[in-house]
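Participant: My structure file coords_26.txt, compact mmCIF, C-alpha atoms and all ligand atoms, is below:
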# COMPACT_ATOMS: atom_id res chain seq x y z
CA MET K 1 -46.71 -32.87 -8.27
CA GLU K 2 -47.33 -30.47 -5.34
CA GLY K 3 -46.47 -33.14 -2.78
CA LEU K 4 -42.82 -33.22 -3.81
CA LEU K 5 -40.64 -30.43 -2.42
CA GLY K 6 -37.88 -28.88 -4.50
CA ASN K 7 -36.53 -30.97 -7.42
CA GLU K 8 -37.76 -28.35 -9.89
CA ARG K 9 -35.86 -29.62 -12.95
CA LEU K 10 -37.12 -33.14 -12.40
CA LYS K 11 -40.69 -31.92 -12.03
CA GLN K 12 -40.51 -29.86 -15.20
CA SER K 13 -39.31 -32.75 -17.34
CA LEU K 14 -41.88 -35.09 -15.80
CA SER K 15 -44.72 -32.62 -16.32
CA ALA K 16 -43.86 -32.52 -20.00
CA ALA K 17 -43.81 -36.31 -20.21
CA PHE K 18 -47.11 -36.59 -18.29
CA ALA K 19 -48.82 -34.01 -20.49
CA ALA K 20 -47.79 -35.85 -23.63
CA ASP K 21 -48.65 -39.17 -21.97
CA ARG K 22 -45.14 -40.30 -22.84
CA LEU K 23 -44.63 -42.62 -19.95
CA SER K 24 -41.93 -45.22 -19.85
CA HIS K 25 -42.58 -48.79 -18.70
CA SER K 26 -39.60 -48.75 -16.36
CA TRP K 27 -38.38 -46.06 -13.98
CA LEU K 28 -35.51 -45.95 -11.54
CA ILE K 29 -35.74 -43.38 -8.76
CA THR K 30 -32.47 -42.86 -6.91
CA GLY K 31 -31.50 -40.85 -3.84
CA PRO K 32 -30.59 -41.36 -0.16
CA VAL K 33 -33.00 -42.02 2.72
CA GLY K 34 -35.42 -39.14 3.20
CA SER K 35 -34.94 -37.70 -0.29
CA GLY K 36 -38.54 -38.13 -1.48
CA LYS K 37 -38.24 -41.33 -3.55
CA HIS K 38 -41.50 -42.75 -2.22
CA THR K 39 -43.35 -39.49 -2.73
CA LEU K 40 -42.18 -39.33 -6.32
CA ALA K 41 -43.10 -43.00 -6.88
CA ARG K 42 -46.68 -42.25 -5.78
CA ILE K 43 -46.87 -39.24 -8.07
CA LEU K 44 -45.63 -41.30 -11.00
CA ALA K 45 -48.02 -44.14 -10.25
CA ALA K 46 -50.91 -41.67 -9.99
CA ALA K 47 -49.92 -40.04 -13.26
CA MET K 48 -50.05 -43.44 -14.93
CA GLN K 49 -53.43 -44.34 -13.46
CA CYS K 50 -55.08 -40.89 -13.59
CA THR K 51 -58.25 -40.87 -15.69
CA GLU K 52 -58.26 -37.11 -16.26
CA GLY K 53 -56.95 -36.10 -19.64
CA LYS K 54 -55.48 -32.68 -19.03
CA ARG K 55 -53.25 -32.46 -16.03
CA ARG K 56 -51.88 -35.75 -14.77
CA PRO K 57 -51.91 -36.61 -11.95
CA CYS K 58 -55.03 -34.50 -11.25
CA GLY K 59 -55.08 -35.64 -7.61
CA THR K 60 -58.88 -35.67 -7.49
CA CYS K 61 -60.13 -38.49 -9.74
CA LEU K 62 -60.91 -41.81 -8.10
CA ALA K 63 -57.77 -43.44 -9.53
CA CYS K 64 -55.50 -40.70 -8.19
CA ARG K 65 -57.12 -40.78 -4.77
CA LYS K 66 -56.71 -44.55 -4.56
CA VAL K 67 -53.03 -44.31 -5.48
CA PHE K 68 -52.35 -41.54 -2.95
CA ASP K 69 -54.25 -43.48 -0.27
CA GLY K 70 -52.17 -46.56 -1.07
CA VAL K 71 -55.22 -48.71 -1.94
CA HIS K 72 -55.13 -48.89 -5.74
CA PRO K 73 -55.34 -52.59 -6.67
CA ASP K 74 -53.12 -52.09 -9.73
CA VAL K 75 -50.25 -50.49 -7.84
CA ILE K 76 -48.45 -53.43 -6.27
CA THR K 77 -45.51 -53.21 -3.87
CA VAL K 78 -42.95 -55.98 -4.26
CA ASP K 79 -41.33 -56.16 -0.84
CA ASP K 80 -41.37 -58.25 2.28
CA PRO K 81 -40.00 -56.15 5.14
CA GLU K 82 -39.34 -59.35 7.10
CA LYS K 83 -36.79 -60.50 4.52
CA LYS K 84 -33.31 -59.09 4.11
CA THR K 85 -33.38 -59.32 0.34
CA VAL K 86 -35.89 -59.18 -2.48
CA THR K 87 -35.93 -62.79 -3.65
CA VAL K 88 -36.25 -64.33 -7.08
CA GLU K 89 -39.52 -65.96 -5.93
CA GLN K 90 -41.04 -62.55 -5.21
CA ILE K 91 -40.06 -61.34 -8.68
CA ARG K 92 -41.43 -64.50 -10.29
CA ARG K 93 -44.73 -64.07 -8.47
CA ALA K 94 -44.91 -60.49 -9.73
CA ARG K 95 -44.14 -61.70 -13.27
CA THR K 96 -46.97 -64.26 -13.17
CA ASP K 97 -49.34 -61.64 -11.78
CA LEU K 98 -48.32 -59.14 -14.45
CA TYR K 99 -49.87 -61.26 -17.18
CA ILE K 100 -53.27 -60.96 -15.52
CA ARG K 101 -54.82 -57.79 -16.89
CA PRO K 102 -55.31 -54.76 -14.57
CA ASN K 103 -58.33 -54.85 -12.26
CA GLU K 104 -59.46 -51.34 -13.02
CA GLY K 105 -56.39 -49.22 -13.82
CA ARG K 106 -54.90 -48.08 -17.09
CA ARG K 107 -51.69 -49.76 -16.06
CA LYS K 108 -50.47 -52.43 -13.73
CA ILE K 109 -47.58 -50.99 -11.76
CA TYR K 110 -45.03 -52.86 -9.68
CA VAL K 111 -43.16 -50.78 -7.13
CA ILE K 112 -39.89 -52.27 -5.85
CA PRO K 113 -38.88 -50.00 -2.93
CA ARG K 114 -35.62 -51.80 -2.11
CA ALA K 115 -34.46 -52.49 -5.64
CA ASN K 116 -30.80 -52.65 -4.60
CA ASP K 117 -31.67 -55.52 -2.26
CA MET K 118 -32.44 -57.80 -5.21
CA ASN K 119 -29.78 -60.46 -5.59
CA ALA K 120 -28.40 -61.37 -9.03
CA SER K 121 -30.98 -64.03 -9.83
CA ALA K 122 -33.86 -61.73 -8.80
CA GLN K 123 -32.43 -59.00 -11.00
CA ASN K 124 -32.11 -61.35 -13.94
CA ALA K 125 -35.68 -62.51 -13.51
CA LEU K 126 -36.81 -58.90 -13.44
CA LEU K 127 -34.77 -58.04 -16.50
CA LYS K 128 -36.61 -60.69 -18.51
CA VAL K 129 -39.99 -59.10 -17.79
CA MET K 130 -38.67 -55.59 -18.34
CA GLU K 131 -37.50 -56.58 -21.79
CA GLU K 132 -40.98 -57.45 -23.00
CA PRO K 133 -43.67 -56.28 -20.64
CA PRO K 134 -47.33 -56.32 -21.65
CA GLU K 135 -48.55 -52.96 -22.95
CA TYR K 136 -50.08 -52.03 -19.55
CA GLY K 137 -47.10 -53.17 -17.38
CA ALA K 138 -44.87 -50.73 -15.51
CA PHE K 139 -42.03 -50.91 -12.96
CA LEU K 140 -40.93 -48.33 -10.44
CA LEU K 141 -37.59 -49.19 -8.88
CA LEU K 142 -36.38 -47.22 -5.85
CA SER K 143 -32.77 -47.33 -4.76
CA ASP K 144 -30.30 -45.55 -2.55
CA SER K 145 -27.37 -47.38 -4.16
CA PRO K 146 -28.17 -47.87 -7.85
CA GLU K 147 -24.65 -49.11 -8.54
CA LYS K 148 -25.81 -52.44 -7.07
CA LEU K 149 -28.21 -52.88 -9.99
CA LEU K 150 -27.20 -54.61 -13.20
CA PRO K 151 -26.21 -52.11 -15.88
CA THR K 152 -28.71 -53.86 -18.16
CA ILE K 153 -31.52 -53.03 -15.70
CA ARG K 154 -30.38 -49.44 -15.31
CA SER K 155 -30.21 -48.92 -19.06
CA ARG K 156 -33.83 -50.12 -19.43
CA CYS K 157 -35.07 -47.50 -16.98
CA VAL K 158 -35.70 -43.82 -17.20
CA CYS K 159 -33.51 -42.67 -14.31
CA LEU K 160 -34.82 -39.98 -11.95
CA GLN K 161 -32.30 -38.69 -9.47
CA MET K 162 -33.56 -36.85 -6.39
CA SER K 163 -31.83 -33.58 -5.48
CA PRO K 164 -31.21 -32.13 -2.01
CA LEU K 165 -33.41 -29.18 -1.08
CA GLU K 166 -32.15 -25.65 -0.95
CA GLU K 167 -32.71 -23.81 2.30
CA LYS K 168 -35.54 -21.67 0.87
CA GLU K 169 -37.31 -24.83 -0.29
CA ALA K 170 -36.90 -26.75 2.97
CA LEU K 171 -37.44 -24.15 5.70
CA PRO K 172 -41.08 -23.19 5.04
CA ALA K 173 -42.08 -26.87 5.03
CA LEU K 174 -40.05 -27.67 8.15
CA SER K 175 -41.57 -24.72 9.94
CA ARG K 176 -45.09 -25.94 9.04
CA ALA K 177 -44.20 -29.39 10.41
CA PHE K 178 -42.62 -27.95 13.60
CA PRO K 179 -44.38 -24.65 14.29
CA GLY K 180 -42.80 -24.41 17.76
CA LYS K 181 -39.19 -24.53 16.57
CA ASP K 182 -37.21 -21.36 16.00
CA ARG K 183 -35.47 -20.56 12.77
CA ALA K 184 -32.02 -21.52 14.08
CA ALA K 185 -33.18 -25.04 14.96
CA LEU K 186 -34.83 -25.48 11.56
CA HIS K 187 -31.77 -24.15 9.78
CA GLY K 188 -29.52 -26.48 11.80
CA ALA K 189 -31.63 -29.52 10.94
CA TRP K 190 -31.67 -28.59 7.24
CA GLN K 191 -27.91 -28.12 7.23
CA ARG K 192 -27.12 -31.35 9.05
CA SER K 193 -29.49 -33.34 6.85
CA GLY K 194 -27.48 -32.36 3.79
CA GLY K 195 -30.71 -30.99 2.30
CA TRP K 196 -32.64 -34.28 2.51
CA TYR K 197 -36.03 -33.31 3.87
CA GLY K 198 -36.96 -36.65 5.48
CA GLN K 199 -33.69 -36.67 7.40
CA ALA K 200 -34.24 -33.08 8.57
CA LEU K 201 -37.68 -34.10 9.89
CA ASP K 202 -36.13 -37.03 11.77
CA LEU K 203 -33.50 -34.77 13.32
CA LEU K 204 -36.18 -32.38 14.56
CA LYS K 205 -38.31 -35.25 15.88
CA ALA K 206 -35.33 -36.70 17.76
CA GLY K 207 -35.04 -33.52 19.82
CA GLN K 208 -38.66 -33.65 20.97
CA GLY K 209 -40.12 -35.17 24.08
CA LEU K 210 -37.01 -34.86 26.25
CA ALA K 211 -37.54 -34.07 29.92
CA PRO K 212 -36.32 -30.60 30.97
CA GLN K 213 -33.83 -32.36 33.29
CA THR K 214 -32.42 -34.19 30.27
CA LEU K 215 -31.84 -30.98 28.36
CA ARG K 216 -30.28 -29.42 31.46
CA PHE K 217 -28.08 -32.48 31.97
CA ALA K 218 -26.96 -32.35 28.34
CA ASP K 219 -26.08 -28.70 28.68
CA CYS K 220 -24.12 -29.12 31.94
CA PHE K 221 -22.33 -32.27 30.81
CA THR K 222 -21.39 -30.68 27.51
CA ARG K 223 -19.89 -27.65 29.26
CA ARG K 224 -18.27 -29.71 32.06
CA ASP K 225 -20.32 -27.62 34.48
CA ARG K 226 -19.84 -29.52 37.74
CA LEU K 227 -21.78 -27.07 39.86
CA GLY K 228 -24.65 -27.10 37.37
CA LEU K 229 -24.82 -30.90 37.58
CA THR K 230 -24.94 -30.76 41.37
CA GLU K 231 -27.70 -28.15 41.27
CA LEU K 232 -29.61 -30.40 38.91
CA LEU K 233 -29.14 -33.60 40.92
CA VAL K 234 -29.76 -32.32 44.46
CA PRO K 235 -33.51 -31.69 44.00
CA MET K 236 -33.79 -35.05 42.25
CA GLU K 237 -32.70 -36.78 45.50
CA ARG K 238 -36.29 -36.33 46.69
CA TRP K 239 -37.82 -37.90 43.58
CA LYS K 240 -39.54 -41.24 43.45
CA ARG K 241 -37.60 -44.17 42.03
CA ASP K 242 -40.14 -44.66 39.19
CA GLN K 243 -39.76 -41.03 38.25
CA LEU K 244 -35.97 -41.03 38.26
CA ILE K 245 -35.27 -44.18 36.25
CA PRO K 246 -36.89 -43.04 32.96
CA VAL K 247 -35.08 -39.71 33.13
CA LEU K 248 -31.71 -41.42 33.65
CA GLN K 249 -32.56 -43.71 30.76
CA GLN K 250 -33.11 -40.65 28.59
CA TRP K 251 -29.66 -39.42 29.59
CA ILE K 252 -28.18 -42.78 28.60
CA GLU K 253 -30.01 -42.66 25.27
CA LEU K 254 -28.84 -39.13 24.60
CA LEU K 255 -25.20 -39.98 25.33
CA SER K 256 -25.51 -43.09 23.15
CA GLU K 257 -26.90 -40.93 20.37
CA ALA K 258 -23.87 -38.64 20.74
CA LEU K 259 -21.60 -41.69 20.48
CA ARG K 260 -23.36 -42.77 17.28
CA LEU K 261 -22.86 -39.28 15.88
CA ARG K 262 -19.16 -39.51 16.65
CA SER K 263 -18.98 -42.64 14.53
CA GLY K 264 -20.44 -40.73 11.62
CA LEU K 265 -24.13 -41.61 11.71
CA PRO K 266 -26.18 -38.57 10.75
CA ALA K 267 -29.34 -38.75 12.91
CA GLY K 268 -29.31 -36.91 16.23
CA SER K 269 -30.84 -34.09 18.20
CA ASP K 270 -29.18 -30.71 18.73
CA ALA K 271 -28.27 -31.70 22.27
CA ALA K 272 -26.60 -34.92 21.10
CA LEU K 273 -24.69 -33.06 18.43
CA GLU K 274 -23.23 -30.62 20.97
CA LEU K 275 -22.27 -33.51 23.25
CA SER K 276 -20.56 -35.33 20.42
CA ARG K 277 -18.55 -32.24 19.55
CA ARG K 278 -17.44 -31.22 23.01
CA ARG K 279 -16.91 -34.59 24.69
CA THR K 280 -14.56 -37.43 23.77
CA GLY K 281 -15.81 -40.91 22.92
CA GLY K 282 -14.15 -42.25 26.09
CA GLU K 283 -15.90 -39.69 28.30
CA LEU K 284 -19.26 -40.49 26.75
CA VAL K 285 -18.73 -44.24 27.22
CA THR K 286 -17.74 -43.75 30.88
CA ALA K 287 -20.82 -41.62 31.51
CA VAL K 288 -23.09 -44.23 29.88
CA GLN K 289 -21.56 -47.01 32.02
CA ARG K 290 -21.96 -45.03 35.25
CA LEU K 291 -25.55 -44.06 34.46
CA LYS K 292 -26.37 -47.69 33.69
CA ARG K 293 -24.86 -48.65 37.03
CA ALA K 294 -27.05 -46.00 38.71
CA VAL K 295 -30.17 -47.44 37.06
CA GLU K 296 -29.18 -50.95 38.20
CA LEU K 297 -28.73 -49.71 41.77
CA LEU K 298 -32.14 -48.05 41.70
CA GLN K 299 -33.69 -51.24 40.36
CA SER K 300 -32.08 -53.20 43.21
CA ASN K 301 -33.64 -50.83 45.74
CA VAL K 302 -30.66 -48.63 46.64
CA GLY K 303 -32.06 -45.29 47.85
CA VAL K 304 -32.71 -42.49 45.37
CA GLY K 305 -30.81 -39.99 47.49
CA ALA K 306 -27.69 -42.18 47.59
CA VAL K 307 -27.75 -42.74 43.85
CA CYS K 308 -28.18 -39.05 43.05
CA GLY K 309 -25.36 -38.29 45.48
CA ALA K 310 -23.08 -40.81 43.78
CA LEU K 311 -23.96 -39.42 40.34
CA GLN K 312 -22.71 -35.98 41.39
CA ILE K 313 -19.26 -37.54 41.69
CA TRP K 314 -19.56 -40.14 38.93
CA LEU K 315 -20.59 -37.66 36.27
CA ASP K 316 -17.65 -35.38 36.99
CA ILE K 317 -15.65 -36.97 34.20
CA GLY K 318 -12.50 -35.75 32.52
CA GLY K 319 -12.18 -32.54 34.56
ZN ZN K 401 -56.39 -38.17 -11.55
Using the file provided, produce a representation of the structure as structure tokens.
Facilitator:
Amino acid sequence: MEGLLGNERLKQSLSAAFAADRLSHSWLITGPVGSGKHTLARILAAAMQCTEGKRRPCGTCLACRKVFDGVHPDVITVDDPEKKTVTVEQIRRARTDLYIRPNEGRRKIYVIPRANDMNASAQNALLKVMEEPPEYGAFLLLSDSPEKLLPTIRSRCVCLQMSPLEEKEALPALSRAFPGKDRAALHGAWQRSGGWYGQALDLLKAGQGLAPQTLRFADCFTRRDRLGLTELLVPMERWKRDQLIPVLQQWIELLSEALRLRSGLPAGSDAALELSRRRTGGELVTAVQRLKRAVELLQSNVGVGAVCGALQIWLDIGG
């Protein structure tokens, strides 16, 4: 249970169920992206397969280790990432397979990570098996929009709802994952993620690997600092074409990220967030278009100096 951050109430009730070996056949884990649904599914699967009597999942027996390594033959994922939906054929295949006894486990567990992507016929097929599974059969359904599931499926499942992390739960883990980041950055990521740990990690990752010129550009463009932009671009006039293009592409990506943030999508670095707050959508679009034009010019062999000179004027947008 150590692998799952926060969610204390959930863990307590599960620990009691594990200890008593009172484990349902069907579980529904709900929560948004990055809330720990997959982590919890692994813990549950391990608890069901664990061969230790006392504290399930022990994390050390062979069964537990296979589950946590994702190689247990009796923990089967029902999903084809290539397909948009989970089809009735996939569910039927799982149903046929279910009646073959487990290879080595105590249970045979079917994990359906995109349960809300099952269409009506797939859900009905699943419902039939859930009504009368073999003694060893188990289903773990994961969903970020459980309202798309049939009420009859939901009522068959023990429902486990993930909770957002409190700051004191999230920050120590974030700081272990990003030892170089200061407390303000970690706090900002936690806050903007709404407490969903996976989203906070993505936000922190998004801010990494940017060239210093990109961070400087973001800062100047955010503050409408025309002189700062000139001071940034003048030394770049002596750069090589191959050096300049990827940096300009980072600027385009950053501005595009800010545009996505303005339309309400949560992911984004600190720099993109500031841009999205201080610049209008129109200004961001204009800047993207002009930077794309600059990249095109560079690719068609216009001189680096001329392009950097033009950008000093082009990026002076909206006074
Ligand atoms: Zn174990």
Participant: Using all atoms listed in the file, which of K:Gly180, K:Gly105, K:Pro235, K:Gly303 sits nearest ligand ZN 401 (chain K)?
Facilitator: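 Selected residue with least distance to ligand ZN 401 (chain K): K:Gly105.
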Participant: Would you mind listing the residues within 8 Å of ligand ZN 401 (chain K), counting only C-alpha atoms and all ligand atoms, as a PyMOL selection string?
Facilitator: chain K and resi 46-47+49-52+55-65
Participant: Measuring between all atoms listed in the file, which one of K:Gln213, K:Gln289, K:Ser26, K:Gln312 shows the shortest distance to Leu229 (chain K)?
Facilitator: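 Ranked by minimum distance to Leu229 (chain K), first place goes to K:Gln312.
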Participant: Between CA of Met118 (chain K) and CA of Glu131 (chain K), what is the spacing in Å?
Facilitator: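 Interatomic distance, CA of Glu131 (chain K) to CA of Met118 (chain K): 17.4 Å.
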Participant: Quote the spacing between CA of Arg156 (chain K) and CA of Thr96 (chain K) in Å to one decimal place.
Facilitator: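 These atoms are spaced 20.3 Å apart.
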